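The next block is protein38.pdb, given as PDB, C-alpha atoms and all ligand atoms.
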```
ATOM      1  CA  MET O   1      25.687   1.195  11.436  1.00  0.00           C
ATOM      2  CA  GLN O   2      23.664   0.132   8.455  1.00  0.00           C
ATOM      3  CA  THR O   3      22.754   2.963   6.168  1.00  0.00           C
ATOM      4  CA  LEU O   4      19.162   3.710   5.271  1.00  0.00           C
ATOM      5  CA  LYS O   5      19.757   2.441   1.741  1.00  0.00           C
ATOM      6  CA  ASN O   6      21.191  -0.800   3.082  1.00  0.00           C
ATOM      7  CA  ARG O   7      18.166  -1.299   5.285  1.00  0.00           C
ATOM      8  CA  LEU O   8      15.918  -0.757   2.266  1.00  0.00           C
ATOM      9  CA  ILE O   9      17.823  -3.439   0.361  1.00  0.00           C
ATOM     10  CA  THR O  10      17.627  -5.795   3.343  1.00  0.00           C
ATOM     11  CA  ILE O  11      13.852  -5.359   3.604  1.00  0.00           C
ATOM     12  CA  GLU O  12      13.335  -5.742  -0.139  1.00  0.00           C
ATOM     13  CA  ASP O  13      15.381  -8.962   0.011  1.00  0.00           C
ATOM     14  CA  LEU O  14      13.318 -10.197   2.943  1.00  0.00           C
ATOM     15  CA  ILE O  15      10.106  -9.540   1.025  1.00  0.00           C
ATOM     16  CA  ARG O  16      11.363 -11.376  -2.093  1.00  0.00           C
ATOM     17  CA  ASN O  17      12.636 -14.311  -0.034  1.00  0.00           C
ATOM     18  CA  THR O  18       9.386 -14.554   1.901  1.00  0.00           C
ATOM     19  CA  GLU O  19       7.371 -14.497  -1.327  1.00  0.00           C
ATOM     20  CA  LYS O  20       9.456 -17.408  -2.554  1.00  0.00           C
ATOM     21  CA  GLN O  21       9.225 -19.335   0.707  1.00  0.00           C
ATOM     22  CA  PHE O  22       5.437 -19.187   0.745  1.00  0.00           C
ATOM     23  CA  ASN O  23       4.869 -19.673  -2.991  1.00  0.00           C
ATOM     24  CA  ARG O  24       3.689 -16.166  -3.565  1.00  0.00           C
ATOM     25  CA  PRO O  25       4.321 -14.799  -7.077  1.00  0.00           C
ATOM     26  CA  ARG O  26       7.502 -12.741  -7.340  1.00  0.00           C
ATOM     27  CA  GLN O  27       6.848  -9.005  -6.854  1.00  0.00           C
ATOM     28  CA  SER O  28       3.309  -9.678  -5.606  1.00  0.00           C
ATOM     29  CA  VAL O  29       4.086  -7.855  -2.356  1.00  0.00           C
ATOM     30  CA  SER O  30       5.027  -4.191  -2.406  1.00  0.00           C
ATOM     31  CA  LEU O  31       6.730  -2.112   0.237  1.00  0.00           C
ATOM     32  CA  LEU O  32       5.107   1.003   1.647  1.00  0.00           C
ATOM     33  CA  ALA O  33       7.774   2.998   3.489  1.00  0.00           C
ATOM     34  CA  VAL O  34       6.044   4.475   6.553  1.00  0.00           C
ATOM     35  CA  SER O  35       7.841   7.776   6.973  1.00  0.00           C
ATOM     36  CA  LYS O  36       5.848   9.450   9.769  1.00  0.00           C
ATOM     37  CA  THR O  37       8.085  11.584  12.021  1.00  0.00           C
ATOM     38  CA  TRP O  38      11.054  11.321   9.605  1.00  0.00           C
ATOM     39  CA  PRO O  39      12.288  14.327   7.597  1.00  0.00           C
ATOM     40  CA  ALA O  40      12.036  14.760   3.832  1.00  0.00           C
ATOM     41  CA  SER O  41      15.825  14.407   3.514  1.00  0.00           C
ATOM     42  CA  LEU O  42      15.528  10.721   4.454  1.00  0.00           C
ATOM     43  CA  LEU O  43      12.645  10.152   2.046  1.00  0.00           C
ATOM     44  CA  ARG O  44      14.867  11.643  -0.629  1.00  0.00           C
ATOM     45  CA  GLN O  45      17.621   9.132   0.151  1.00  0.00           C
ATOM     46  CA  LEU O  46      15.141   6.286  -0.212  1.00  0.00           C
ATOM     47  CA  ALA O  47      13.723   7.747  -3.417  1.00  0.00           C
ATOM     48  CA  GLU O  48      17.246   7.809  -4.870  1.00  0.00           C
ATOM     49  CA  ALA O  49      17.514   4.135  -4.004  1.00  0.00           C
ATOM     50  CA  GLY O  50      14.298   3.415  -5.895  1.00  0.00           C
ATOM     51  CA  GLN O  51      11.602   3.550  -3.207  1.00  0.00           C
ATOM     52  CA  GLN O  52       8.494   5.278  -4.541  1.00  0.00           C
ATOM     53  CA  ARG O  53       5.651   4.577  -2.087  1.00  0.00           C
ATOM     54  CA  PHE O  54       5.493   6.466   1.185  1.00  0.00           C
ATOM     55  CA  GLY O  55       2.904   6.228   3.969  1.00  0.00           C
ATOM     56  CA  GLU O  56       2.080   9.114   6.293  1.00  0.00           C
ATOM     57  CA  ASN O  57      -0.257   9.324   9.306  1.00  0.00           C
ATOM     58  CA  TYR O  58      -0.362  12.989  10.226  1.00  0.00           C
ATOM     59  CA  LEU O  59      -1.780  15.356   7.668  1.00  0.00           C
ATOM     60  CA  GLN O  60       0.089  18.590   8.407  1.00  0.00           C
ATOM     61  CA  GLU O  61       3.420  16.826   8.636  1.00  0.00           C
ATOM     62  CA  ALA O  62       2.659  14.962   5.409  1.00  0.00           C
ATOM     63  CA  LEU O  63       1.667  18.098   3.481  1.00  0.00           C
ATOM     64  CA  THR O  64       4.988  19.717   4.357  1.00  0.00           C
ATOM     65  CA  LYS O  65       6.931  16.707   3.106  1.00  0.00           C
ATOM     66  CA  ILE O  66       4.827  16.356  -0.037  1.00  0.00           C
ATOM     67  CA  LYS O  67       5.719  19.954  -0.868  1.00  0.00           C
ATOM     68  CA  GLN O  68       9.396  19.398  -0.048  1.00  0.00           C
ATOM     69  CA  CYS O  69       9.492  16.352  -2.338  1.00  0.00           C
ATOM     70  CA  ALA O  70       7.399  17.837  -5.152  1.00  0.00           C
ATOM     71  CA  ASP O  71      10.255  17.396  -7.658  1.00  0.00           C
ATOM     72  CA  LEU O  72      10.267  13.617  -7.084  1.00  0.00           C
ATOM     73  CA  ASP O  73       7.844  11.117  -8.596  1.00  0.00           C
ATOM     74  CA  LEU O  74       6.491   9.670  -5.345  1.00  0.00           C
ATOM     75  CA  GLU O  75       3.247   7.919  -4.453  1.00  0.00           C
ATOM     76  CA  TRP O  76       1.660   9.163  -1.213  1.00  0.00           C
ATOM     77  CA  HIS O  77      -0.489   6.913   0.964  1.00  0.00           C
ATOM     78  CA  PHE O  78      -2.526   8.292   3.855  1.00  0.00           C
ATOM     79  CA  ILE O  79      -2.613   5.679   6.654  1.00  0.00           C
ATOM     80  CA  GLY O  80      -3.792   7.663   9.682  1.00  0.00           C
ATOM     81  CA  PRO O  81      -7.220   8.187  11.214  1.00  0.00           C
ATOM     82  CA  ILE O  82      -9.347  10.629   9.174  1.00  0.00           C
ATOM     83  CA  GLN O  83     -11.565  13.372  10.535  1.00  0.00           C
ATOM     84  CA  SER O  84     -14.035  15.020   8.169  1.00  0.00           C
ATOM     85  CA  ASN O  85     -12.184  18.321   8.164  1.00  0.00           C
ATOM     86  CA  LYS O  86      -9.086  16.629   6.706  1.00  0.00           C
ATOM     87  CA  THR O  87     -10.665  15.043   3.659  1.00  0.00           C
ATOM     88  CA  ARG O  88     -10.115  17.995   1.305  1.00  0.00           C
ATOM     89  CA  ASP O  89      -6.337  18.072   1.732  1.00  0.00           C
ATOM     90  CA  ILE O  90      -6.161  14.291   1.532  1.00  0.00           C
ATOM     91  CA  ALA O  91      -8.196  14.290  -1.695  1.00  0.00           C
ATOM     92  CA  LEU O  92      -5.962  16.997  -3.161  1.00  0.00           C
ATOM     93  CA  HIS O  93      -2.537  15.675  -2.228  1.00  0.00           C
ATOM     94  CA  PHE O  94      -2.579  11.888  -1.816  1.00  0.00           C
ATOM     95  CA  ASP O  95      -2.721   8.958  -4.244  1.00  0.00           C
ATOM     96  CA  TRP O  96      -4.039   6.352  -1.790  1.00  0.00           C
ATOM     97  CA  VAL O  97      -5.988   6.214   1.465  1.00  0.00           C
ATOM     98  CA  HIS O  98      -5.822   3.016   3.555  1.00  0.00           C
ATOM     99  CA  THR O  99      -8.029   4.062   6.450  1.00  0.00           C
ATOM    100  CA  VAL O 100     -11.531   4.598   5.084  1.00  0.00           C
ATOM    101  CA  ASP O 101     -14.108   3.105   7.429  1.00  0.00           C
ATOM    102  CA  ARG O 102     -17.187   5.304   6.983  1.00  0.00           C
ATOM    103  CA  LEU O 103     -19.312   6.137   3.961  1.00  0.00           C
ATOM    104  CA  LYS O 104     -19.400   9.818   4.902  1.00  0.00           C
ATOM    105  CA  ILE O 105     -15.599  10.056   4.667  1.00  0.00           C
ATOM    106  CA  ALA O 106     -15.590   8.203   1.344  1.00  0.00           C
ATOM    107  CA  GLN O 107     -18.247  10.526  -0.076  1.00  0.00           C
ATOM    108  CA  ARG O 108     -16.300  13.604   0.958  1.00  0.00           C
ATOM    109  CA  LEU O 109     -13.085  12.222  -0.551  1.00  0.00           C
ATOM    110  CA  SER O 110     -14.867  11.504  -3.831  1.00  0.00           C
ATOM    111  CA  ASN O 111     -16.573  14.900  -3.952  1.00  0.00           C
ATOM    112  CA  GLN O 112     -13.342  16.706  -3.171  1.00  0.00           C
ATOM    113  CA  ARG O 113     -11.086  14.764  -5.542  1.00  0.00           C
ATOM    114  CA  PRO O 114     -10.238  17.098  -8.436  1.00  0.00           C
ATOM    115  CA  ASP O 115     -11.442  16.031 -11.895  1.00  0.00           C
ATOM    116  CA  ASP O 116      -7.985  16.344 -13.388  1.00  0.00           C
ATOM    117  CA  LEU O 117      -6.450  13.814 -10.991  1.00  0.00           C
ATOM    118  CA  ALA O 118      -6.739  10.042 -11.287  1.00  0.00           C
ATOM    119  CA  PRO O 119      -9.353   8.522  -8.951  1.00  0.00           C
ATOM    120  CA  LEU O 120      -8.144   8.248  -5.374  1.00  0.00           C
ATOM    121  CA  ASN O 121      -7.184   4.648  -4.518  1.00  0.00           C
ATOM    122  CA  ILE O 122      -9.051   3.389  -1.470  1.00  0.00           C
ATOM    123  CA  CYS O 123      -8.586   0.563   1.006  1.00  0.00           C
ATOM    124  CA  ILE O 124     -11.313  -0.025   3.563  1.00  0.00           C
ATOM    125  CA  GLN O 125      -9.938  -0.473   7.067  1.00  0.00           C
ATOM    126  CA  VAL O 126     -11.436  -3.499   8.815  1.00  0.00           C
ATOM    127  CA  ASN O 127     -11.272  -3.901  12.596  1.00  0.00           C
ATOM    128  CA  ILE O 128     -10.310  -7.524  12.168  1.00  0.00           C
ATOM    129  CA  ASP O 129     -10.121  -8.459  15.849  1.00  0.00           C
ATOM    130  CA  ASP O 130     -13.184  -6.470  16.964  1.00  0.00           C
ATOM    131  CA  GLU O 131     -11.174  -4.289  19.310  1.00  0.00           C
ATOM    132  CA  ALA O 132     -13.217  -1.724  21.175  1.00  0.00           C
ATOM    133  CA  THR O 133     -10.795   1.159  20.638  1.00  0.00           C
ATOM    134  CA  LYS O 134      -9.539   0.465  17.140  1.00  0.00           C
ATOM    135  CA  SER O 135     -10.578   2.220  13.922  1.00  0.00           C
ATOM    136  CA  GLY O 136     -12.077   0.176  11.108  1.00  0.00           C
ATOM    137  CA  ILE O 137     -15.458  -1.292  10.347  1.00  0.00           C
ATOM    138  CA  ALA O 138     -16.646  -4.682  11.541  1.00  0.00           C
ATOM    139  CA  ALA O 139     -15.954  -7.518   9.097  1.00  0.00           C
ATOM    140  CA  ASN O 140     -19.688  -8.063   8.514  1.00  0.00           C
ATOM    141  CA  ALA O 141     -20.101  -4.409   7.466  1.00  0.00           C
ATOM    142  CA  LEU O 142     -17.388  -4.610   4.793  1.00  0.00           C
ATOM    143  CA  LEU O 143     -19.498  -5.690   1.815  1.00  0.00           C
ATOM    144  CA  PRO O 144     -22.245  -3.064   2.246  1.00  0.00           C
ATOM    145  CA  LEU O 145     -19.641  -0.285   2.576  1.00  0.00           C
ATOM    146  CA  ALA O 146     -17.675  -1.629  -0.408  1.00  0.00           C
ATOM    147  CA  ALA O 147     -20.854  -1.595  -2.521  1.00  0.00           C
ATOM    148  CA  GLU O 148     -21.390   2.100  -1.720  1.00  0.00           C
ATOM    149  CA  ILE O 149     -17.762   3.065  -2.286  1.00  0.00           C
ATOM    150  CA  ALA O 150     -17.629   1.205  -5.605  1.00  0.00           C
ATOM    151  CA  GLN O 151     -20.310   3.640  -6.865  1.00  0.00           C
ATOM    152  CA  LEU O 152     -18.375   6.800  -6.058  1.00  0.00           C
ATOM    153  CA  PRO O 153     -17.006   8.396  -9.222  1.00  0.00           C
ATOM    154  CA  HIS O 154     -13.661   9.765  -8.041  1.00  0.00           C
ATOM    155  CA  LEU O 155     -12.615   6.788  -5.954  1.00  0.00           C
ATOM    156  CA  ASN O 156     -11.032   3.519  -7.033  1.00  0.00           C
ATOM    157  CA  LEU O 157     -11.711   0.755  -4.519  1.00  0.00           C
ATOM    158  CA  ARG O 158      -8.519  -1.347  -4.313  1.00  0.00           C
ATOM    159  CA  GLY O 159      -8.930  -3.545  -1.248  1.00  0.00           C
ATOM    160  CA  LEU O 160      -8.664  -3.609   2.490  1.00  0.00           C
ATOM    161  CA  MET O 161      -6.293  -2.732   5.285  1.00  0.00           C
ATOM    162  CA  ILE O 162      -5.959  -4.257   8.732  1.00  0.00           C
ATOM    163  CA  ILE O 163      -3.918  -3.807  11.893  1.00  0.00           C
ATOM    164  CA  PRO O 164      -4.213  -6.958  14.023  1.00  0.00           C
ATOM    165  CA  ALA O 165      -4.540  -6.788  17.800  1.00  0.00           C
ATOM    166  CA  LYS O 166      -1.227  -6.409  19.620  1.00  0.00           C
ATOM    167  CA  THR O 167      -0.210  -9.842  20.875  1.00  0.00           C
ATOM    168  CA  ASP O 168       2.840 -12.082  21.202  1.00  0.00           C
ATOM    169  CA  ASN O 169       0.719 -15.066  20.265  1.00  0.00           C
ATOM    170  CA  VAL O 170       1.744 -15.977  16.719  1.00  0.00           C
ATOM    171  CA  ASP O 171      -1.245 -18.286  16.189  1.00  0.00           C
ATOM    172  CA  GLN O 172      -3.599 -15.469  17.030  1.00  0.00           C
ATOM    173  CA  GLN O 173      -1.767 -13.061  14.687  1.00  0.00           C
ATOM    174  CA  GLN O 174      -1.882 -15.638  11.944  1.00  0.00           C
ATOM    175  CA  ALA O 175      -5.610 -16.177  12.490  1.00  0.00           C
ATOM    176  CA  SER O 176      -6.208 -12.419  12.104  1.00  0.00           C
ATOM    177  CA  PHE O 177      -4.197 -12.270   8.879  1.00  0.00           C
ATOM    178  CA  HIS O 178      -5.960 -15.349   7.566  1.00  0.00           C
ATOM    179  CA  LYS O 179      -9.382 -13.896   8.303  1.00  0.00           C
ATOM    180  CA  ALA O 180      -8.409 -10.719   6.440  1.00  0.00           C
ATOM    181  CA  HIS O 181      -7.264 -12.770   3.458  1.00  0.00           C
ATOM    182  CA  VAL O 182     -10.591 -14.598   3.299  1.00  0.00           C
ATOM    183  CA  LEU O 183     -12.400 -11.234   3.259  1.00  0.00           C
ATOM    184  CA  PHE O 184     -10.016  -9.959   0.592  1.00  0.00           C
ATOM    185  CA  GLU O 185     -10.650 -12.991  -1.633  1.00  0.00           C
ATOM    186  CA  HIS O 186     -14.378 -12.577  -1.221  1.00  0.00           C
ATOM    187  CA  LEU O 187     -14.195  -8.883  -2.101  1.00  0.00           C
ATOM    188  CA  SER O 188     -12.051  -9.543  -5.171  1.00  0.00           C
ATOM    189  CA  SER O 189     -14.514 -12.177  -6.394  1.00  0.00           C
ATOM    190  CA  ILE O 190     -17.159  -9.413  -6.509  1.00  0.00           C
ATOM    191  CA  TYR O 191     -15.084  -6.453  -7.741  1.00  0.00           C
ATOM    192  CA  PRO O 192     -12.451  -7.149 -10.393  1.00  0.00           C
ATOM    193  CA  GLY O 193     -10.340  -4.084  -9.478  1.00  0.00           C
ATOM    194  CA  ILE O 194      -9.555  -5.369  -5.992  1.00  0.00           C
ATOM    195  CA  ASP O 195      -5.855  -6.189  -5.775  1.00  0.00           C
ATOM    196  CA  THR O 196      -4.593  -4.825  -2.455  1.00  0.00           C
ATOM    197  CA  LEU O 197      -4.431  -6.416   0.962  1.00  0.00           C
ATOM    198  CA  SER O 198      -2.569  -3.908   3.126  1.00  0.00           C
ATOM    199  CA  MET O 199      -1.272  -5.811   6.137  1.00  0.00           C
ATOM    200  CA  GLY O 200       1.997  -6.447   7.934  1.00  0.00           C
ATOM    201  CA  MET O 201       4.320  -3.984   9.683  1.00  0.00           C
ATOM    202  CA  SER O 202       7.933  -4.157  10.904  1.00  0.00           C
ATOM    203  CA  GLY O 203       7.192  -6.784  13.544  1.00  0.00           C
ATOM    204  CA  ASP O 204       4.934  -9.127  11.596  1.00  0.00           C
ATOM    205  CA  MET O 205       5.610  -8.629   7.896  1.00  0.00           C
ATOM    206  CA  THR O 206       6.780 -12.168   7.104  1.00  0.00           C
ATOM    207  CA  LEU O 207       3.716 -13.707   8.712  1.00  0.00           C
ATOM    208  CA  ALA O 208       1.494 -11.252   6.830  1.00  0.00           C
ATOM    209  CA  ILE O 209       3.167 -12.163   3.518  1.00  0.00           C
ATOM    210  CA  ALA O 210       2.748 -15.857   4.281  1.00  0.00           C
ATOM    211  CA  GLU O 211      -0.976 -15.198   4.742  1.00  0.00           C
ATOM    212  CA  GLY O 212      -1.471 -13.229   1.532  1.00  0.00           C
ATOM    213  CA  SER O 213      -0.550  -9.596   2.125  1.00  0.00           C
ATOM    214  CA  THR O 214       0.110  -7.608  -1.050  1.00  0.00           C
ATOM    215  CA  MET O 215       1.445  -4.476   0.661  1.00  0.00           C
ATOM    216  CA  VAL O 216       3.463  -4.291   3.860  1.00  0.00           C
ATOM    217  CA  ARG O 217       3.661  -0.973   5.708  1.00  0.00           C
ATOM    218  CA  VAL O 218       7.113  -0.755   7.228  1.00  0.00           C
ATOM    219  CA  GLY O 219       8.373   2.074   9.424  1.00  0.00           C
ATOM    220  CA  SER O 220      10.795   1.279  12.229  1.00  0.00           C
ATOM    221  CA  ALA O 221      12.579  -1.651  10.507  1.00  0.00           C
ATOM    222  CA  LEU O 222      13.513   0.799   7.777  1.00  0.00           C
ATOM    223  CA  PHE O 223      14.062   4.149   9.490  1.00  0.00           C
ATOM    224  CA  GLY O 224      14.798   3.014  13.043  1.00  0.00           C
ATOM    225  CA  GLN O 225      12.811   3.481  16.222  1.00  0.00           C
ATOM    226  CA  ARG O 226      10.620   6.595  16.214  1.00  0.00           C
ATOM    227  CA  ALA O 227      10.985   9.027  19.076  1.00  0.00           C
ATOM    228  CA  THR O 228       7.776   8.943  21.087  1.00  0.00           C
ATOM    229  CA  THR O 229       5.733  11.966  20.129  1.00  0.00           C
ATOM    230  CA  ARG O 230       2.395  13.279  21.208  1.00  0.00           C
ATOM    231  CA  HIS O 231       1.079  11.635  18.042  1.00  0.00           C
ATOM    232  CA  GLU O 232       2.037   8.125  18.912  1.00  0.00           C
ATOM    233  CA  GLY O 233      -0.907   7.690  21.208  1.00  0.00           C
ATOM    234  CA  ASN O 234      -3.362   8.193  18.381  1.00  0.00           C
ATOM    235  CA  VAL O 235      -2.085   5.654  15.949  1.00  0.00           C
ATOM    236  CA  ASN O 236      -5.392   3.791  16.007  1.00  0.00           C
TER     237      ASN O 236
HETATM  238  C1  LIG S   1       3.236   3.523  12.090  1.00  0.00           C
HETATM  239  C2  LIG S   1       2.425   2.603  11.249  1.00  0.00           C
HETATM  240  C3  LIG S   1       3.021   1.536  10.556  1.00  0.00           C
HETATM  241  C4  LIG S   1       4.494   1.187  10.650  1.00  0.00           C
HETATM  242  O1  LIG S   1       4.765   0.607  11.879  1.00  0.00           O
HETATM  243  P1  LIG S   1       6.244  -0.015  12.206  1.00  0.00           P
HETATM  244  O2  LIG S   1       5.958  -0.933  13.326  1.00  0.00           O
HETATM  245  O3  LIG S   1       7.099   1.130  12.557  1.00  0.00           O
HETATM  246  O4  LIG S   1       6.684  -0.713  10.985  1.00  0.00           O
HETATM  247  C5  LIG S   1       2.207   0.770   9.742  1.00  0.00           C
HETATM  248  N1  LIG S   1       0.884   1.008   9.625  1.00  0.00           N
HETATM  249  C6  LIG S   1       0.278   2.013  10.277  1.00  0.00           C
HETATM  250  C7  LIG S   1      -1.176   2.233  10.103  1.00  0.00           C
HETATM  251  C8  LIG S   1       1.036   2.838  11.118  1.00  0.00           C
HETATM  252  O5  LIG S   1       0.422   3.825  11.778  1.00  0.00           O
END
```
What is this structure when it is put down as C-alpha cells?
Amino acid sequence: MQTLKNRLITIEDLIRNTEKQFNRPRQSVSLLAVSKTWPASLLRQLAEAGQQRFGENYLQEALTKIKQCADLDLEWHFIGPIQSNKTRDIALHFDWVHTVDRLKIAQRLSNQRPDDLAPLNICIQVNIDDEATKSGIAANALLPLAAEIAQLPHLNLRGLMIIPAKTDNVDQQQASFHKAHVLFEHLSSIYPGIDTLSMGMSGDMTLAIAEGSTMVRVGSALFGQRATTRHEGNVN
C-alpha cells in the first residue's frame, strides 16, 4: 500500500510533469488537497510532508479540523455550497472561498470578514455546462458579478472555479475546460489581481492542466475513495 505521503509525492510529480508536457510554467499549478470526510490526523501527515492548502466542503466538519490543526500554518479553502447562515463562520475561519455565485453571499462575506484579517480570497463559481441542477452562475453573468465583487472591501477577487458536467467524453470535458480558460483570460485582462483558475479533480486533472488550470482540487487520488456519506449527494 502506498502511504499518504507517497501519494502526495506522486501527485506533485504528475502536476510538474503535466506542466512541462503542455508548456505551462513550472509551479504555475498548485495542489488543493480536498480533505472532506478525512480526519485531522491525515491532514497533519500531509502538512508534515509540505502540503499547506486544504479544501473542505462541509462547514461544521471543517471548523472542527481547523481547530484541531490550529498549531499548523495551513491555508483553508471553502469549496462547498454556501447558504447565507454559514457566511459568518466562513468569513472568520477560511482564507479562500471557491463557490461564490451570488452577490448577496459575497456581500455578507465581505461585511463579516474581520478587519484584522487579510481580505478573503474569492473565486466565482461558473456553471460552465449550463446544468440545471449545478451551482454556479451562467457564463454571461460572470462579468457583472465580478464587477460588484471587485468593489467589496474585505474580499480579494482571484478568479473562477468550475466543475464540468460528468461525462466520459474527453472532447466534451476539454471543451468545458477550454471555455473556462477563455473566461479566465477575459477576466484577468480586466482585473490585474486575477490569477486563479480552479479546475480539475482526481479524474480529470491532467486535462484541466493542459487547458490552463492553476489550481487542481484533488481528493480521492490523494486520500483514497471516500465512504459514501449523507453529504455526498449535495456536492453540487
Ligand atoms: C470533493 C470535491 C473535489 C475532489 O474530488 P475528487 O474526485 O475526490 O478528487 C473537488 N472539488 C469539489 C468542489 C469537491 O466537492
With the cut-off set at 9 Å and counting only C-alpha atoms and all ligand atoms, tabulate each residue of chain O with an atom at most that distance from an atom of ligand LIG 1 (chain S), showing the nearest atom pair and its distance in Å to one decimal, ordered by chain and increasing number, as a tab-separated table.
```
residue	atom	partner	partner_atom	distance
O:Leu32	CA	S:LIG1	C5	8.6
O:Ala33	CA	S:LIG1	C4	8.1
O:Val34	CA	S:LIG1	C4	5.5
O:Ser35	CA	S:LIG1	C1	8.1
O:Lys36	CA	S:LIG1	C1	6.9
O:Gly55	CA	S:LIG1	N1	8.0
O:Glu56	CA	S:LIG1	O5	7.8
O:Asn57	CA	S:LIG1	O5	6.1
O:Phe78	CA	S:LIG1	C7	8.8
O:Ile79	CA	S:LIG1	C7	5.1
O:Gly80	CA	S:LIG1	C7	6.0
O:Pro81	CA	S:LIG1	C7	8.6
O:His98	CA	S:LIG1	C7	8.1
O:Thr99	CA	S:LIG1	C7	8.0
O:Met161	CA	S:LIG1	C7	8.6
O:Ile162	CA	S:LIG1	C7	8.2
O:Ile163	CA	S:LIG1	C7	6.9
O:Ser198	CA	S:LIG1	N1	8.9
O:Met199	CA	S:LIG1	N1	8.0
O:Gly200	CA	S:LIG1	C5	7.4
O:Met201	CA	S:LIG1	O4	4.2
O:Ser202	CA	S:LIG1	O4	3.7
O:Gly203	CA	S:LIG1	O2	6.0
O:Asp204	CA	S:LIG1	O2	8.4
O:Met205	CA	S:LIG1	O4	8.6
O:Val216	CA	S:LIG1	C5	7.9
O:Arg217	CA	S:LIG1	C5	4.6
O:Val218	CA	S:LIG1	O4	3.8
O:Gly219	CA	S:LIG1	O3	3.5
O:Ser220	CA	S:LIG1	O3	3.7
O:Ala221	CA	S:LIG1	O4	6.0
O:Leu222	CA	S:LIG1	O4	7.7
O:Phe223	CA	S:LIG1	O3	8.2
O:Gly224	CA	S:LIG1	O3	7.9
O:Gln225	CA	S:LIG1	O3	7.2
O:Arg226	CA	S:LIG1	O3	7.5
O:Glu232	CA	S:LIG1	C1	8.3
O:Asn234	CA	S:LIG1	O5	8.8
O:Val235	CA	S:LIG1	O5	5.2
O:Asn236	CA	S:LIG1	O5	7.2
```
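Between atom CA of Glu75 of chain O and atom CA of Met215 of chain O the separation is 13.5 Å.
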Residues matched by the PyMOL selection byres (((chain O and resi 91) around 9) and not hetatm) as a ChimeraX atom specification: /O:86-90,92-97,108-114,120
Surrounding residues of Asn6 of chain O excluding itself and chain neighbours under 2 positions, 12 Å, all atoms listed in the file, as a PyMOL selection string: chain O and resi 1-4+8-13+45-46+49+221-223
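Residues matched by the PyMOL selection byres (((chain O and resi 152-159) around 7) and not hetatm) in this file are Ser110, Arg113, Pro119, Leu120, Asn121, Ile122, Cys123, Ile124, Ile149, Ala150, Gln151, Leu160, Phe184, Gly193, Ile194, Asp195, Thr196 and Leu197 of chain O.
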Would you save the residues from that selection as a compact mmCIF listing (two decimals), in the coordinates of the input, using C-alpha atoms?
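As a result, out.txt now contains:
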```txt
# COMPACT_ATOMS: atom_id res chain seq x y z
CA SER O 110 -14.87 11.50 -3.83
CA ARG O 113 -11.09 14.76 -5.54
CA PRO O 119 -9.35 8.52 -8.95
CA LEU O 120 -8.14 8.25 -5.37
CA ASN O 121 -7.18 4.65 -4.52
CA ILE O 122 -9.05 3.39 -1.47
CA CYS O 123 -8.59 0.56 1.01
CA ILE O 124 -11.31 -0.02 3.56
CA ILE O 149 -17.76 3.06 -2.29
CA ALA O 150 -17.63 1.20 -5.60
CA GLN O 151 -20.31 3.64 -6.86
CA LEU O 160 -8.66 -3.61 2.49
CA PHE O 184 -10.02 -9.96 0.59
CA GLY O 193 -10.34 -4.08 -9.48
CA ILE O 194 -9.56 -5.37 -5.99
CA ASP O 195 -5.86 -6.19 -5.78
CA THR O 196 -4.59 -4.82 -2.46
CA LEU O 197 -4.43 -6.42 0.96
```
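The two atoms in question, atom CA of Ser176 of chain O and atom CA of Arg102 of chain O, are spaced 21.5 Å apart.
Interatomic distance, atom CA of Cys69 of chain O against atom CA of Asp115 of chain O: 23.0 Å.
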Do a neighbour search on Ala141 of chain O at 10 Å with only C-alpha atoms, toss out local chain neighbours closer than 5 positions, and write the hits as number ranges by chain. O: 101, 126, 136, 146
Asn127 of chain O: which residues within 7 Å, counting only C-alpha atoms, same-chain residues fewer than 5 positions away excluded, as a PyMOL selection string? chain O and resi 134-139+162
Judged by only C-alpha atoms, the minimum distance to Leu59 of chain O among O:Lys166, O:His77, O:Lys5, O:Arg24 is found for O:His77
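For the choices O:Gln125, O:Ser84, O:Leu207, O:Ala227, the atom-to-atom distance to Phe22 of chain O is smallest for O:Leu207 when using only C-alpha atoms.
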